[in-house]
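The next block holds one structure in the form of structure tokens; read it before the comments.
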Amino acid sequence: RVLVGTKVDESHANWVTAYNMLTGIRVSVSRTNAKLDREVTDEDFNVKQKSTFDIAGNELVPSAKYDFKFKDYAPWVFRDLRARFRLDPADYLMSLTGKYILSELGSPGKSGSFFYFSRDYKYIIKTIHHAEHKFLRKILKEYYEHVKDNPNTLLSQFYGLHRVKVPYGKKIHFVVMNNLFPPHRDIHATFDLKGSTIGRDYKEEDLDKNPRATLKDLNWLRRHRHLELGLQKKRLFLEQLQRDVVLLKRLQIMDYSLLVGIHDLSRGNEENLRDKTLQVFNPGGEKSTDDEPQSVLLRTPSKLENARKARELRQMIRSEKPVPIGQALDKIQDELEEGKGRRGFVFNQDDGGFRATHEDDSPAEEIYYLGVIDCLTHYGMIKKIEHFWKGLTNDRTQISALPPEQYGDRFYNFVEGVTMSAEEVHREAQRRDEE
Ligand code: ATP
Ligand code: CA
Ligand code: CA
């Protein structure tokens with residue numbers, strides 16, 4: 001599911017939904033961003049900010065192409081979370097809504113969730129089940145406190161929780177979160193690891209058809225893969241993972257996985273970026289007809305582009321109410337022009353990822369992009385699904401609900417067991433030979 005997507009344009013089946021999602025975010029988030037800063041309070045966790053969009057618009061909400069309702073949950077909490085994750089507020093809005101371009105990832109998985117990338121690939125919108133939505137609201141306070149105490153958490157970074165609804169349509173809940181993978185680097189292999197071996201195998205023979213498929217635990221083991229981290233980085237990584245898993249256990253969460261994207265420095269970027277961009281947004285390979293050159297999407301923006309972004313942003317915000325003060329805008333523009341990125345996070349320190357090291361902490365040839373994803377499944381939900389399947393047939397199910405405590409231990413132990421530098425792997429092998 002990596003790096004291949006379908007551009008969502010007006011002919012796309014989910015265009016209206018995507019348009020409504022982005023319009024809602026644009027209006028609601030810029031309204032929140034325009035307010036004067038203050039501390040997060042307990043009440044902020046329960047806030048629901050409703051907006052009703054229609055063709056006419058009114059003094060609070062600009063006109064939109066379609067009639068729909070939008071809800072922004074705990075907007076002030078997510079504003080604070082975005083700041084803690086060091087997102088630039090203007091950049092966030094521009095990436096998601098600068099122009100209505102998203103790309104949708106293949107067919108939805110087992111869970112039925114849809115995934116959309118922002119046009120610059122930095123953010124992912126994932127539609128979630130109502131149960132996951134309710135659950136995130138329930139644990140938001142604890143998640144927030146965890147992020148406060150653990151700025152380097154490996155857990156999915158949630159930037160917003162929203163809902164859209166069109167007249168007579170279903171309610172669609174979604175989150176905005178970080179794309180773990182960088183826009184500017186080829187990911188040569190992707191693994192989704194749970195620490196379980198049942199059903200955790202991507203058919204090797206299908207790899208020819210889909211060389212960028214997400215592989216699983218058994219594929220990892222078959223390749224004798226390791227997260228090659230020397231003493232220092234290994235400690236950092238495992239300590240953080242341990243803290244994150246403690247939270248997941250406490251919140252009775254399971255079914256999450258460690259997503260690992262591997263960039264092999266000795267291979268570098270094979271395809272030229274322009275081709276890759278066309279592949280991403282135009283799987284048929286036809287020439288793009290958009291007026292804006294599509295290759296903009298995968299380059300780091302130049303000063304010129306940043307200035308253009310800032311200009312677009314001014315225009316965009318000008319069409320909103322309340323209008324933010326000019327000073328704030330100038331500050332945003334300055335920051336944009338300096339090209340301030342997200343720096344200073346432990347697991348993003350090496351070109352956005354975490355570079356492999358030898359046992360003595362000298363750099364090795366891979367960069368890992370990692371994080372714990374799909375962490376909104378409560379144990380109670382799994383039990384229900386399992387019950388449902390068991391009711392239908394006796395052996396169809398490969399879901400075997402493990403209590404969260406055991407799930408977390410198995411998960412952590414698996415990852416710990418495969419985290420070792422090349423030298424350590426070598427020594428282990430020698431030791432085994434001698435036995
Ligand atoms: P299921 O419940 O069937 O496992 P799901 O619909 O809940 O699936 P996820 O497990 O969240 O989906 O993600 C499915 C895949 O999408 C992952 O294996 C990964 O390839 C990709 N993906 C998900 N989240 C991210 C992310 N934050 N960054 C990059 N890729 C992601
Ligand atoms: Ca999953
Ligand atoms: Ca899931």
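By convention here, the chains of the structure tokens are called A, B, ... in the order presented, each chain's residues are numbered starting at 1, and ligands are numbered starting at 1 in the order presented.
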
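Based on only C-alpha atoms and all ligand atoms, the protein and nucleic acid residues found within 7 Å of ligand 3 are, by chain and then by number, Ser111, Asp374 and Thr377 of chain A.
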
Once you have the residues from the selection above, write them out as a PDB file, in the first residue's frame, restricted to C-alpha atoms.
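Result file is out_39.pdb:
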```
ATOM      1  CA  SER A 111     -11.243  -3.241   8.432  1.00  0.00           C
ATOM      2  CA  ASP A 374      -3.597   0.951  14.110  1.00  0.00           C
ATOM      3  CA  THR A 377      -8.802  -1.282  18.645  1.00  0.00           C
TER       4      THR A 377
END
```

Using only C-alpha atoms and all ligand atoms, tabulate the residues of chain A lying at most 8 Å from any atom of ligand 1, each with its closest atom pair and that distance in Å to one decimal, by chain and increasing residue number, as a Markdown table.
```
| residue | atom | partner | partner_atom_place_in_ligand_line | distance |
| --- | --- | --- | --- | --- |
| A:Arg1 | CA | ligand 1 | 20 (O) | 5.2 |
| A:Val2 | CA | ligand 1 | 20 (O) | 6.1 |
| A:Pro108 | CA | ligand 1 | 6 (O) | 6.5 |
| A:Gly109 | CA | ligand 1 | 6 (O) | 4.9 |
| A:Lys110 | CA | ligand 1 | 3 (O) | 3.9 |
| A:Ser111 | CA | ligand 1 | 3 (O) | 4.4 |
| A:Gly112 | CA | ligand 1 | 6 (O) | 5.8 |
| A:Ser113 | CA | ligand 1 | 6 (O) | 4.5 |
| A:Phe114 | CA | ligand 1 | 6 (O) | 7.0 |
| A:Phe115 | CA | ligand 1 | 16 (O) | 7.4 |
| A:Tyr123 | CA | ligand 1 | 27 (N) | 7.9 |
| A:Ile124 | CA | ligand 1 | 27 (N) | 6.5 |
| A:Lys126 | CA | ligand 1 | 11 (O) | 7.8 |
| A:Ile128 | CA | ligand 1 | 7 (O) | 7.9 |
| A:Ser156 | CA | ligand 1 | 27 (N) | 6.2 |
| A:Gln157 | CA | ligand 1 | 27 (N) | 7.9 |
| A:Met177 | CA | ligand 1 | 27 (N) | 6.3 |
| A:Asn178 | CA | ligand 1 | 27 (N) | 5.2 |
| A:Asn179 | CA | ligand 1 | 28 (N) | 3.7 |
| A:Leu180 | CA | ligand 1 | 28 (N) | 3.9 |
| A:Phe181 | CA | ligand 1 | 29 (C) | 5.5 |
| A:Thr190 | CA | ligand 1 | 20 (O) | 7.2 |
| A:Phe191 | CA | ligand 1 | 18 (O) | 7.4 |
| A:Asp192 | CA | ligand 1 | 18 (O) | 5.3 |
| A:Ala213 | CA | ligand 1 | 20 (O) | 7.9 |
| A:Thr214 | CA | ligand 1 | 20 (O) | 5.5 |
| A:Asp255 | CA | ligand 1 | 4 (O) | 7.4 |
| A:Tyr256 | CA | ligand 1 | 10 (O) | 7.1 |
| A:Ser257 | CA | ligand 1 | 10 (O) | 7.2 |
| A:Leu259 | CA | ligand 1 | 18 (O) | 6.6 |
| A:Gly371 | CA | ligand 1 | 27 (N) | 7.5 |
| A:Ile373 | CA | ligand 1 | 24 (N) | 5.6 |
| A:Asp374 | CA | ligand 1 | 11 (O) | 4.0 |
| A:Cys375 | CA | ligand 1 | 11 (O) | 7.7 |
```

Shell around Ala64 in chain A at 12 Å using only C-alpha atoms, local window under 2 positions removed, as a ChimeraX atom specification: /A:16,19-24,26-27,51-58,61-62,66-70,319

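Comparing A:Met381, A:Val147, A:Val246, A:Leu81 by their smallest distance to Tyr159 in chain A, the closest is A:Leu81 (using only C-alpha atoms).
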
From the set A:His263, A:Lys165, A:Arg31, A:Arg355, which residue has the shortest atom-to-atom contact distance to Lys233 in chain A, counting only C-alpha atoms? A:Arg355

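Residues in contact with range 40-49 of chain A at up to 6 Å, not including ones fewer than 4 positions away on its chain and judged by only C-alpha atoms, are Lys71, Asp72, Tyr73 and Ala74 of chain A.
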
For ligand 2, which residue out of A:Leu258, A:Leu229, A:Leu236, A:Leu221 is the nearest one, using only C-alpha atoms and all ligand atoms? A:Leu258
